[in-house]
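Q: What follows is the file run_20.cif, containing mmCIF, C-alpha atoms and all ligand atoms:
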```cif
data_protein
#
loop_
_atom_site.label_atom_id
_atom_site.label_comp_id
_atom_site.auth_asym_id
_atom_site.auth_seq_id
_atom_site.Cartn_x
_atom_site.Cartn_y
_atom_site.Cartn_z
CA VAL F 1 137.89 10.22 101.04
CA LEU F 2 141.32 11.74 101.16
CA HIS F 3 142.10 14.13 98.37
CA PHE F 4 145.43 15.85 97.85
CA THR F 5 145.54 19.14 95.99
CA LYS F 6 149.06 20.33 96.55
CA LYS F 7 150.38 16.91 97.54
CA LEU F 8 152.35 18.58 100.34
CA ILE F 9 151.62 18.18 104.04
CA GLN F 10 153.06 19.69 107.20
CA ALA F 11 154.50 17.05 109.53
CA PRO F 12 153.77 16.70 113.23
CA LEU F 13 156.57 18.35 115.19
CA ALA F 14 156.43 18.13 118.97
CA GLY F 15 157.21 21.53 120.46
CA PHE F 16 156.17 23.36 117.28
CA SER F 17 152.90 22.03 115.85
CA CYS F 18 150.28 24.13 117.63
CA ALA F 19 147.65 26.45 116.15
CA PRO F 20 149.80 29.58 115.52
CA PHE F 21 152.43 27.51 113.68
CA ARG F 22 149.82 25.72 111.58
CA LYS F 23 147.93 28.92 110.85
CA LEU F 24 151.05 30.51 109.35
CA ALA F 25 151.63 27.42 107.19
CA HIS F 26 148.06 27.72 105.96
CA GLN F 27 148.32 31.45 105.27
CA TRP F 28 151.69 31.31 103.53
CA GLY F 29 151.97 27.85 102.02
CA GLN F 30 148.55 26.13 102.03
CA PRO F 31 149.71 22.54 102.53
CA ASP F 32 146.90 20.00 102.09
CA PHE F 33 146.78 19.71 105.85
CA CYS F 34 148.84 20.27 108.99
CA CYS F 35 149.29 17.93 111.93
CA SER F 36 149.14 18.39 115.67
CA GLU F 37 152.02 17.17 117.75
CA MET F 38 151.73 13.65 119.14
CA LEU F 39 149.16 13.48 121.94
CA SER F 40 148.78 10.55 124.30
CA ALA F 41 145.38 8.86 124.09
CA LYS F 42 145.85 7.73 127.68
CA HIS F 43 146.38 11.30 128.89
CA ILE F 44 143.40 12.55 126.91
CA ALA F 45 141.23 9.71 128.21
CA SER F 46 142.20 10.48 131.80
CA GLY F 47 141.53 14.21 131.35
CA SER F 48 145.13 15.23 131.91
CA ILE F 49 145.67 17.08 128.62
CA GLN F 50 145.26 20.62 129.87
CA ARG F 51 147.49 22.96 127.91
CA LYS F 52 145.46 24.76 125.29
CA ARG F 53 148.22 24.33 122.70
CA TYR F 54 147.38 20.62 122.54
CA TYR F 55 143.70 20.92 121.71
CA TYR F 56 143.10 24.40 120.31
CA LYS F 57 142.14 24.67 116.62
CA ASP F 58 142.14 28.22 115.29
CA PRO F 59 139.19 29.13 113.03
CA ALA F 60 141.74 30.66 110.63
CA GLU F 61 143.85 27.53 110.23
CA GLY F 62 143.39 25.00 107.44
CA PRO F 63 142.62 21.29 107.58
CA LEU F 64 144.00 19.65 110.72
CA CYS F 65 145.11 16.11 111.41
CA ILE F 66 145.36 15.30 115.12
CA GLN F 67 148.00 12.70 115.90
CA LEU F 68 147.49 10.24 118.74
CA ALA F 69 149.86 7.87 120.47
CA ALA F 70 147.98 4.84 121.70
CA ASN F 71 148.37 1.17 122.49
CA ASP F 72 145.09 0.39 124.18
CA PRO F 73 141.82 0.35 122.21
CA ASN F 74 139.78 1.39 125.27
CA ASP F 75 141.89 4.48 125.94
CA LEU F 76 141.80 5.23 122.25
CA ALA F 77 138.01 5.02 122.11
CA ILE F 78 137.59 7.38 125.07
CA ALA F 79 140.22 9.77 123.72
CA LEU F 80 138.59 9.85 120.29
CA ASP F 81 135.32 10.92 121.82
CA ALA F 82 137.05 13.98 123.26
CA VAL F 83 139.30 14.67 120.28
CA LEU F 84 136.44 14.73 117.80
CA GLN F 85 135.01 17.70 119.73
CA TRP F 86 138.15 19.70 118.90
CA GLY F 87 137.22 19.75 115.23
CA PRO F 88 139.95 17.75 113.46
CA ASP F 89 139.60 16.89 109.79
CA MET F 90 141.64 13.69 110.15
CA ILE F 91 143.17 11.50 112.84
CA ASP F 92 146.61 9.93 112.70
CA LEU F 93 148.11 7.10 114.72
CA ASN F 94 151.76 7.54 115.62
CA CYS F 95 153.81 4.44 114.85
CA GLY F 96 157.13 6.18 114.42
CA CYS F 97 158.22 7.73 117.69
CA PRO F 98 161.67 6.31 118.52
CA GLN F 99 162.01 7.58 122.10
CA PRO F 100 162.92 4.79 124.54
CA LYS F 101 160.36 5.89 127.14
CA ILE F 102 157.60 5.72 124.51
CA ARG F 103 158.79 2.40 123.10
CA LYS F 104 159.04 0.91 126.56
CA LYS F 105 155.36 1.61 127.06
CA ARG F 106 154.73 -0.06 123.68
CA TYR F 107 153.68 3.09 121.85
CA GLY F 108 155.06 4.79 118.75
CA SER F 109 157.49 2.77 116.63
CA GLN F 110 157.13 -0.21 118.98
CA LEU F 111 153.70 -0.82 117.43
CA LEU F 112 155.42 -1.78 114.17
CA ALA F 113 156.51 -5.00 115.86
CA ASP F 114 152.93 -5.96 116.68
CA SER F 115 150.78 -6.03 113.55
CA ALA F 116 147.82 -7.52 115.40
CA LYS F 117 147.72 -4.67 117.92
CA LEU F 118 148.29 -2.15 115.16
CA GLY F 119 145.37 -3.53 113.17
CA GLN F 120 143.16 -3.51 116.25
CA LEU F 121 143.92 0.15 116.97
CA ILE F 122 143.25 1.20 113.38
CA LYS F 123 139.95 -0.69 113.36
CA THR F 124 138.97 1.03 116.60
CA MET F 125 139.69 4.42 115.03
CA LYS F 126 137.82 3.55 111.85
CA SER F 127 134.76 2.31 113.72
CA LEU F 128 134.49 5.45 115.85
CA THR F 129 135.43 8.26 113.49
CA PRO F 130 133.68 9.39 110.33
CA ILE F 131 136.80 11.31 109.24
CA PRO F 132 139.88 9.82 107.51
CA VAL F 133 142.27 7.75 109.60
CA LEU F 134 145.97 7.90 108.82
CA VAL F 135 148.92 5.98 110.17
CA LYS F 136 152.48 7.33 110.33
CA ILE F 137 155.19 4.69 110.30
CA ARG F 138 158.91 4.31 109.76
CA VAL F 139 160.61 1.88 107.42
CA ASP F 140 162.42 -1.16 108.69
CA ASN F 141 165.47 -1.49 106.49
CA ARG F 142 166.96 -4.05 108.88
CA SER F 143 164.28 -6.68 108.56
CA GLY F 144 163.85 -6.38 104.80
CA ASP F 145 161.09 -5.85 102.28
CA ASP F 146 158.83 -8.60 103.60
CA TYR F 147 158.67 -6.93 106.94
CA ASN F 148 157.93 -3.49 105.51
CA GLN F 149 155.30 -4.96 103.26
CA SER F 150 153.58 -6.94 105.98
CA VAL F 151 153.30 -3.85 108.19
CA ALA F 152 151.93 -1.86 105.26
CA ALA F 153 149.48 -4.66 104.42
CA ALA F 154 148.27 -4.75 108.05
CA VAL F 155 147.65 -1.01 107.93
CA GLN F 156 145.75 -1.33 104.68
CA GLU F 157 143.71 -4.36 105.74
CA ALA F 158 142.63 -2.63 108.93
CA GLY F 159 141.09 0.09 106.79
CA ALA F 160 143.40 3.10 107.12
CA ASP F 161 142.83 5.83 104.55
CA ALA F 162 146.50 6.69 104.02
CA ILE F 163 149.92 5.80 105.33
CA THR F 164 152.79 8.19 105.93
CA VAL F 165 156.23 6.65 105.71
CA HIS F 166 159.32 8.25 107.22
CA GLY F 167 162.19 6.56 105.42
CA ARG F 168 164.32 5.80 108.46
CA HIS F 169 164.54 2.93 110.91
CA TRP F 170 163.60 3.85 114.48
CA THR F 171 167.23 3.49 115.55
CA GLU F 172 168.40 5.95 112.90
CA ASP F 173 168.93 9.62 113.57
CA TYR F 174 168.90 12.46 111.06
CA ASP F 175 172.55 11.88 110.13
CA VAL F 176 171.49 8.72 108.29
CA PRO F 177 170.00 9.56 104.90
CA VAL F 178 166.40 8.63 104.16
CA SER F 179 165.85 5.33 102.34
CA TYR F 180 163.80 6.09 99.23
CA ARG F 181 164.02 2.44 98.32
CA ASP F 182 162.13 1.33 101.42
CA ILE F 183 159.41 3.91 100.91
CA ALA F 184 159.08 2.73 97.30
CA ALA F 185 158.72 -0.89 98.46
CA ILE F 186 155.84 0.11 100.70
CA LYS F 187 154.22 2.13 97.93
CA GLN F 188 154.42 -0.99 95.75
CA ALA F 189 152.79 -3.15 98.41
CA VAL F 190 149.61 -1.15 99.02
CA SER F 191 146.86 0.55 97.07
CA LEU F 192 146.10 3.23 99.65
CA PRO F 193 147.78 6.64 99.30
CA VAL F 194 151.37 6.76 100.54
CA ILE F 195 152.82 9.99 101.90
CA GLY F 196 156.62 10.01 101.69
CA ASN F 197 158.55 11.72 104.47
CA GLY F 198 162.12 12.58 105.34
CA ASP F 199 164.78 15.05 104.21
CA VAL F 200 162.54 17.14 101.98
CA PHE F 201 164.12 20.57 102.27
CA ASP F 202 163.61 22.14 98.88
CA THR F 203 162.25 21.52 95.41
CA ALA F 204 165.10 19.23 94.35
CA SER F 205 164.64 16.94 97.36
CA ALA F 206 160.85 17.03 96.90
CA ARG F 207 161.21 15.99 93.26
CA ARG F 208 163.58 13.23 94.26
CA MET F 209 161.12 11.87 96.86
CA PHE F 210 158.29 11.80 94.30
CA GLU F 211 160.44 10.25 91.57
CA GLU F 212 162.26 7.63 93.59
CA THR F 213 159.33 6.41 95.67
CA GLY F 214 156.27 7.03 93.51
CA CYS F 215 154.56 8.43 96.61
CA ASP F 216 151.23 10.23 96.29
CA ALA F 217 152.12 13.20 98.47
CA LEU F 218 154.92 14.24 100.73
CA MET F 219 155.26 15.50 104.26
CA ILE F 220 157.66 18.22 105.29
CA GLY F 221 158.81 18.63 108.87
CA ARG F 222 161.94 20.51 109.84
CA ALA F 223 162.14 22.59 106.67
CA SER F 224 158.71 24.10 107.35
CA VAL F 225 159.79 25.66 110.65
CA GLY F 226 160.48 29.34 110.01
CA GLN F 227 159.55 28.93 106.34
CA PRO F 228 155.77 28.54 106.26
CA TRP F 229 155.74 29.44 102.56
CA ILE F 230 157.83 26.37 101.64
CA PHE F 231 154.74 24.38 100.57
CA ASP F 232 153.75 27.02 98.05
CA GLN F 233 157.32 27.50 96.93
CA ILE F 234 157.89 23.80 96.26
CA ALA F 235 154.51 23.41 94.54
CA CYS F 236 155.30 26.34 92.21
CA GLU F 237 158.84 25.27 91.49
CA LEU F 238 157.79 21.67 90.77
CA GLU F 239 155.69 23.17 87.98
CA ASN F 240 158.71 25.17 86.84
CA LYS F 241 157.13 28.43 87.96
CA SER F 242 159.35 30.85 89.77
CA TYR F 243 158.59 31.72 93.37
CA ALA F 244 159.67 34.85 95.20
CA THR F 245 160.31 34.05 98.86
CA PRO F 246 159.38 36.76 101.38
CA ASP F 247 162.06 39.38 101.95
CA LEU F 248 163.74 39.74 105.30
CA ASP F 249 161.32 42.45 106.56
CA GLU F 250 158.43 40.14 105.85
CA ILE F 251 160.15 37.18 107.51
CA GLY F 252 160.61 39.34 110.61
CA ARG F 253 156.87 40.10 110.59
CA ILE F 254 156.02 36.41 110.20
CA PHE F 255 158.29 35.59 113.13
CA LEU F 256 156.58 38.24 115.29
CA ALA F 257 153.13 36.99 114.22
CA HIS F 258 154.19 33.49 115.28
CA VAL F 259 155.34 34.70 118.70
CA GLN F 260 152.19 36.80 119.09
CA GLY F 261 150.09 33.73 118.32
CA LEU F 262 151.96 31.79 120.99
CA MET F 263 151.39 34.65 123.44
CA GLY F 264 147.66 34.43 122.83
CA LEU F 265 147.83 30.72 123.49
CA GLU F 266 150.23 30.45 126.42
CA GLY F 267 151.06 33.95 127.66
CA GLU F 268 154.06 36.21 127.11
CA LYS F 269 156.58 34.42 129.31
CA ILE F 270 156.25 31.01 127.66
CA ALA F 271 156.00 32.55 124.19
CA LEU F 272 159.23 34.48 124.71
CA LEU F 273 161.02 31.34 125.83
CA GLN F 274 159.83 29.60 122.68
CA SER F 275 160.77 32.58 120.51
CA ARG F 276 164.42 31.90 121.22
CA LYS F 277 164.13 28.45 119.67
CA LEU F 278 162.08 29.82 116.75
CA LEU F 279 164.46 32.64 115.95
CA LYS F 280 167.07 30.15 114.77
CA TYR F 281 164.64 28.86 112.15
CA TYR F 282 163.42 32.25 110.99
CA THR F 283 166.92 33.64 110.63
CA ARG F 284 168.45 30.47 109.12
CA ASP F 285 171.55 31.80 107.36
CA LEU F 286 170.03 35.18 106.53
CA VAL F 287 170.85 36.95 109.77
CA ASP F 288 173.87 36.54 112.01
CA ILE F 289 172.08 35.00 114.95
CA HIS F 290 175.06 35.20 117.29
CA SER F 291 174.95 38.96 117.30
CA ILE F 292 171.35 38.99 118.51
CA ASN F 293 171.16 35.96 120.71
CA HIS F 294 171.64 37.70 124.03
CA ALA F 295 169.24 37.47 126.94
CA GLU F 296 167.84 41.02 126.94
CA SER F 297 166.41 40.61 123.42
CA PHE F 298 163.91 38.13 124.79
CA GLY F 299 162.85 40.10 127.87
CA SER F 300 159.53 41.29 126.48
CA PHE F 301 157.60 41.29 123.24
CA SER F 302 158.46 44.93 122.60
CA MET F 303 162.18 44.12 122.97
CA LEU F 304 161.69 41.35 120.45
CA GLU F 305 160.00 43.81 118.09
CA ARG F 306 162.95 46.16 118.44
CA LEU F 307 165.35 43.32 117.72
CA VAL F 308 163.45 42.36 114.58
CA SER F 309 163.36 45.94 113.28
CA GLN F 310 167.11 46.14 113.82
CA PHE F 311 168.20 42.84 112.32
CA PHE F 312 165.55 41.74 109.84
CA VAL F 313 166.51 44.30 107.23
CA GLU F 314 168.01 43.76 103.81
C1 LIG W 1 161.42 18.51 116.85
C2 LIG W 1 160.72 17.34 116.18
C3 LIG W 1 159.53 16.87 116.72
C4 LIG W 1 158.85 15.80 116.12
N1 LIG W 1 157.65 15.38 116.65
C5 LIG W 1 156.95 14.40 116.02
C6 LIG W 1 155.65 13.99 116.50
O1 LIG W 1 155.12 14.53 117.49
N2 LIG W 1 155.03 13.01 115.81
C7 LIG W 1 155.58 12.40 114.71
O2 LIG W 1 154.98 11.51 114.12
N3 LIG W 1 156.79 12.77 114.25
C8 LIG W 1 157.48 13.75 114.86
N4 LIG W 1 158.68 14.14 114.35
C9 LIG W 1 159.17 13.54 113.09
C10 LIG W 1 158.72 14.37 111.89
O3 LIG W 1 157.32 14.44 111.79
C11 LIG W 1 159.28 13.80 110.57
O4 LIG W 1 158.83 12.49 110.42
C12 LIG W 1 160.81 13.81 110.53
O5 LIG W 1 161.34 15.01 111.06
C13 LIG W 1 161.32 13.66 109.09
O6 LIG W 1 160.83 14.69 108.27
P1 LIG W 1 161.73 15.98 107.88
O7 LIG W 1 163.03 15.48 107.34
O8 LIG W 1 160.91 16.69 106.85
O9 LIG W 1 161.93 16.78 109.13
C14 LIG W 1 159.39 15.17 114.96
C15 LIG W 1 160.60 15.65 114.44
C16 LIG W 1 161.26 16.73 115.03
C17 LIG W 1 162.54 17.23 114.41
#
```
Starting from the file, give its structure as structure tokens.
Ligand SMILES: Cc1cc2nc3c(=O)[nH]c(=O)nc-3n(C[C@H](O)[C@H](O)[C@H](O)COP(=O)(O)O)c2cc1C
A:
Amino acid sequence: VLHFTKKLIQAPLAGFSCAPFRKLAHQWGQPDFCCSEMLSAKHIASGSIQRKRYYYKDPAEGPLCIQLAANDPNDLAIALDAVLQWGPDMIDLNCGCPQPKIRKKRYGSQLLADSAKLGQLIKTMKSLTPIPVLVKIRVDNRSGDDYNQSVAAAVQEAGADAITVHGRHWTEDYDVPVSYRDIAAIKQAVSLPVIGNGDVFDTASARRMFEETGCDALMIGRASVGQPWIFDQIACELENKSYATPDLDEIGRIFLAHVQGLMGLEGEKIALLQSRKLLKYYTRDLVDIHSINHAESFGSFSMLERLVSQFFVE
């Protein structure tokens, strides 16, 4: 059911992964699909998901995977009924979120400690959705290969169509390098497609993930923010074709298109607040951000346009 063309996928990123962000990835990089941010099945089931950014799918975006956090099959069933109306192409179950408040409620990475519950949730999804069901997990390099493999086997037995594996334990932050070895062990244990995730920033790290884990596709998170073309760039470079990244003028226009998309979704005030966070990713080390990071620049969209025309020049 699940077919990868580019073998590159945009990761779910809370605070970023809404329609305008995904649309830019589709226009510039064409990953196989993009993900929504994590949405609580309980909140959806109770009707409390109200912000448009959580449910809006743009007609101009590419394939979309909506990610749910759930721990109760009844909530999940009710939520799925609503979510399927939003037009997703796939559904993903979050089993990786490390936040204490999520774990305490037995969601996210906490599900990895309860294979029976995990299997039950996946079966619920499979029985109610005609579209592919994915599961995003983390490795457990503390409890060893058996543990990793039994979680992966539970996911497979329950009927998931693919498994995404972030190569870090839930206690590990980004300063700890990804464990390719643990992702490889999971790949070995299952026959369903494995999507490797973690620390893919460029073509060299993408090649390393493919080679060291044998994964079928890979998922890119942080490196896709402010660089929506990265999927196309990596795909080209993996085939030893050269890729010309957009010049600074173009990057400025992409940044403004992103902010404009957010304005359409949430209004100017919220979009301008978010633009501050985005600017860091669009400038990366190309523009001296400190010289532009003062409050007035973010006062209105036209001020932001002026700022871009001043600083996003070669
Ligand atoms: C700001 C931020 C928000 C994230 N939100 C989610 C989320 O909602 N759901 C999820 O499964 N993972 C989330 N993640 C984890 C990423 O999807 C990904 O697994 C992780 O960043 C490793 O990939 P990377 O090295 O390519 O960034 C988030 C990560 C970051 C940095």
Q: Show me the residues around (152.1, 23.3, 96.5) - criterion: an atom at most 12 Å away, only C-alpha atoms counted - as a ChimeraX atom specification.
A: /F:4-10,25-26,28-33,202-203,206,217-220,228-241,243
Q: Enumerate, as a PyMOL selection string, the protein, DNA and RNA residues whose atoms approach (143.9, 23.5, 109.4) to within 9 Å, taking into account all atoms listed in the file and the coordinate frame of the file.
A: chain F and resi 19+22-23+25-26+32-35+57-65+88-89
Q: Would you output that residue set with C-alpha atoms, as a PDB file, in the coordinates of the input?
A:
```pdb
ATOM      1  CA  ALA F  19     147.650  26.450 116.150  1.00  0.00           C
ATOM      2  CA  ARG F  22     149.820  25.720 111.580  1.00  0.00           C
ATOM      3  CA  LYS F  23     147.930  28.920 110.850  1.00  0.00           C
ATOM      4  CA  ALA F  25     151.630  27.420 107.190  1.00  0.00           C
ATOM      5  CA  HIS F  26     148.060  27.720 105.960  1.00  0.00           C
ATOM      6  CA  ASP F  32     146.900  20.000 102.090  1.00  0.00           C
ATOM      7  CA  PHE F  33     146.780  19.710 105.850  1.00  0.00           C
ATOM      8  CA  CYS F  34     148.840  20.270 108.990  1.00  0.00           C
ATOM      9  CA  CYS F  35     149.290  17.930 111.930  1.00  0.00           C
ATOM     10  CA  LYS F  57     142.140  24.670 116.620  1.00  0.00           C
ATOM     11  CA  ASP F  58     142.140  28.220 115.290  1.00  0.00           C
ATOM     12  CA  PRO F  59     139.190  29.130 113.030  1.00  0.00           C
ATOM     13  CA  ALA F  60     141.740  30.660 110.630  1.00  0.00           C
ATOM     14  CA  GLU F  61     143.850  27.530 110.230  1.00  0.00           C
ATOM     15  CA  GLY F  62     143.390  25.000 107.440  1.00  0.00           C
ATOM     16  CA  PRO F  63     142.620  21.290 107.580  1.00  0.00           C
ATOM     17  CA  LEU F  64     144.000  19.650 110.720  1.00  0.00           C
ATOM     18  CA  CYS F  65     145.110  16.110 111.410  1.00  0.00           C
ATOM     19  CA  PRO F  88     139.950  17.750 113.460  1.00  0.00           C
ATOM     20  CA  ASP F  89     139.600  16.890 109.790  1.00  0.00           C
TER      21      ASP F  89
END
```
Q: Distance CA of Ile186 (chain F)-CA of Asn148 (chain F), one decimal place?
A: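 CA of Ile186 (chain F) sits 6.4 Å away from CA of Asn148 (chain F).
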Q: Using all atoms listed in the file, determine which residues lie at most 7 Å from region 158-163 of chain F, disregarding the query and same-chain residues fewer than 2 positions distant; provide the list as number ranges by chain.
A: F: 2, 119, 122-123, 126, 132-136, 154-156, 165, 192-195
Q: Would you mind listing what lies within 9 Å of Ser109 (chain F) as a list in words, with only C-alpha atoms counted and same-chain residues fewer than 2 positions away left out?
A: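 My reading of the contact set: Asn94, Cys95, Gly96, Cys97, Pro98, Gln99, Ile102, Arg103, Arg106, Tyr107, Leu111, Leu112, Ala113, Ile137, Arg138 and Trp170 of chain F.
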Q: To check your reading of the model: which residues sit at most 9 Å from ligand LIG 1 (chain W) when counting only C-alpha atoms and all ligand atoms? Write the answer as a ChimeraX atom specification.
A: /F:10-17,35-39,67-69,92-97,108,136-138,164-168,174,178,197-201,218-224
Q: Identify which of the residues F:Thr171, F:Glu250, F:Ile183, F:Gly261 lies closest to Tyr56 (chain F), counting only C-alpha atoms when measuring atom-to-atom distances.
A: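 The closest residue to Tyr56 (chain F) is F:Gly261.
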Q: What does the distance from CA of Ile292 (chain F) to CA of Val313 (chain F) come to in Å, to one decimal?
A: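 If I compute the distance from CA of Ile292 (chain F) to CA of Val313 (chain F), I get 13.4 Å.
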Q: So which residues touch Arg253 (chain F) within 10 Å, counting only C-alpha atoms, skipping near sequence neighbours fewer than 3 positions away, as a PyMOL selection string?
A: chain F and resi 248-250+256-259+305+308-309+312
Q: Could the residues in this selection be saved with C-alpha atoms as a tab-separated table (two decimals), in the coordinates of the input?
A:
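Output saved as part01.tsv:
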```
chain	number	residue	atom	x	y	z
F	248	LEU	CA	163.74	39.74	105.30
F	249	ASP	CA	161.32	42.45	106.56
F	250	GLU	CA	158.43	40.14	105.85
F	256	LEU	CA	156.58	38.24	115.29
F	257	ALA	CA	153.13	36.99	114.22
F	258	HIS	CA	154.19	33.49	115.28
F	259	VAL	CA	155.34	34.70	118.70
F	305	GLU	CA	160.00	43.81	118.09
F	308	VAL	CA	163.45	42.36	114.58
F	309	SER	CA	163.36	45.94	113.28
F	312	PHE	CA	165.55	41.74	109.84
```
Q: Which one of F:Gly47, F:Asp173, F:Glu157, F:Ala152 sits closest to Ala189 (chain F) if you count only C-alpha atoms?
A: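 Closest to Ala189 (chain F), using only C-alpha atoms: F:Ala152.
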Q: Using only C-alpha atoms, determine which residues lie at most 8 Å from region 281-286 of chain F, disregarding the query and same-chain residues fewer than 2 positions distant; provide the list as a list in words.
A: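 Here the answer would be Val225, Gly226, Gln227, Leu248, Ile251, Gly252, Phe255, Lys277, Leu278, Leu279, Asp288 and Ile289 of chain F.
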Q: Suppose we keep C-alpha atoms; can you now write the selection as a PDB file, in the frame of the given file?
A:
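Everything below was put into selection.pdb:
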```pdb
ATOM      1  CA  VAL F 225     159.790  25.660 110.650  1.00  0.00           C
ATOM      2  CA  GLY F 226     160.480  29.340 110.010  1.00  0.00           C
ATOM      3  CA  GLN F 227     159.550  28.930 106.340  1.00  0.00           C
ATOM      4  CA  LEU F 248     163.740  39.740 105.300  1.00  0.00           C
ATOM      5  CA  ILE F 251     160.150  37.180 107.510  1.00  0.00           C
ATOM      6  CA  GLY F 252     160.610  39.340 110.610  1.00  0.00           C
ATOM      7  CA  PHE F 255     158.290  35.590 113.130  1.00  0.00           C
ATOM      8  CA  LYS F 277     164.130  28.450 119.670  1.00  0.00           C
ATOM      9  CA  LEU F 278     162.080  29.820 116.750  1.00  0.00           C
ATOM     10  CA  LEU F 279     164.460  32.640 115.950  1.00  0.00           C
ATOM     11  CA  ASP F 288     173.870  36.540 112.010  1.00  0.00           C
ATOM     12  CA  ILE F 289     172.080  35.000 114.950  1.00  0.00           C
TER      13      ILE F 289
END
```
Q: For a test of reading the model, state the distance in Å between CA of His169 (chain F) and CA of Gln110 (chain F), rounded to one decimal.
A: 11.4 Å
Q: May I have the residues within 10 Å of Pro73 (chain F) as a ChimeraX atom specification, using all atoms listed in the file and disregarding those fewer than 2 positions away in the same chain?
A: /F:41,70-71,75-79,117-118,120-125
Q: Write the residues of the preceding selection, restricted to C-alpha atoms, as a PDB file, in the frame of the given file.
A:
```
ATOM      1  CA  ALA F  41     145.380   8.860 124.090  1.00  0.00           C
ATOM      2  CA  ALA F  70     147.980   4.840 121.700  1.00  0.00           C
ATOM      3  CA  ASN F  71     148.370   1.170 122.490  1.00  0.00           C
ATOM      4  CA  ASP F  75     141.890   4.480 125.940  1.00  0.00           C
ATOM      5  CA  LEU F  76     141.800   5.230 122.250  1.00  0.00           C
ATOM      6  CA  ALA F  77     138.010   5.020 122.110  1.00  0.00           C
ATOM      7  CA  ILE F  78     137.590   7.380 125.070  1.00  0.00           C
ATOM      8  CA  ALA F  79     140.220   9.770 123.720  1.00  0.00           C
ATOM      9  CA  LYS F 117     147.720  -4.670 117.920  1.00  0.00           C
ATOM     10  CA  LEU F 118     148.290  -2.150 115.160  1.00  0.00           C
ATOM     11  CA  GLN F 120     143.160  -3.510 116.250  1.00  0.00           C
ATOM     12  CA  LEU F 121     143.920   0.150 116.970  1.00  0.00           C
ATOM     13  CA  ILE F 122     143.250   1.200 113.380  1.00  0.00           C
ATOM     14  CA  LYS F 123     139.950  -0.690 113.360  1.00  0.00           C
ATOM     15  CA  THR F 124     138.970   1.030 116.600  1.00  0.00           C
ATOM     16  CA  MET F 125     139.690   4.420 115.030  1.00  0.00           C
TER      17      MET F 125
END
```
Q: For each of F:Ile44, F:Leu272, F:Val1, F:Ile49, take the minimum atom-to-atom distance to Met90 (chain F), counting all atoms listed in the file, then give the residue where this is smallest.
A: F:Val1
Q: Which is closer to Asp140 (chain F) than all the others in F:Ala204, F:Leu262, F:Ala185, F:Leu128, using only C-alpha atoms?
A: F:Ala185
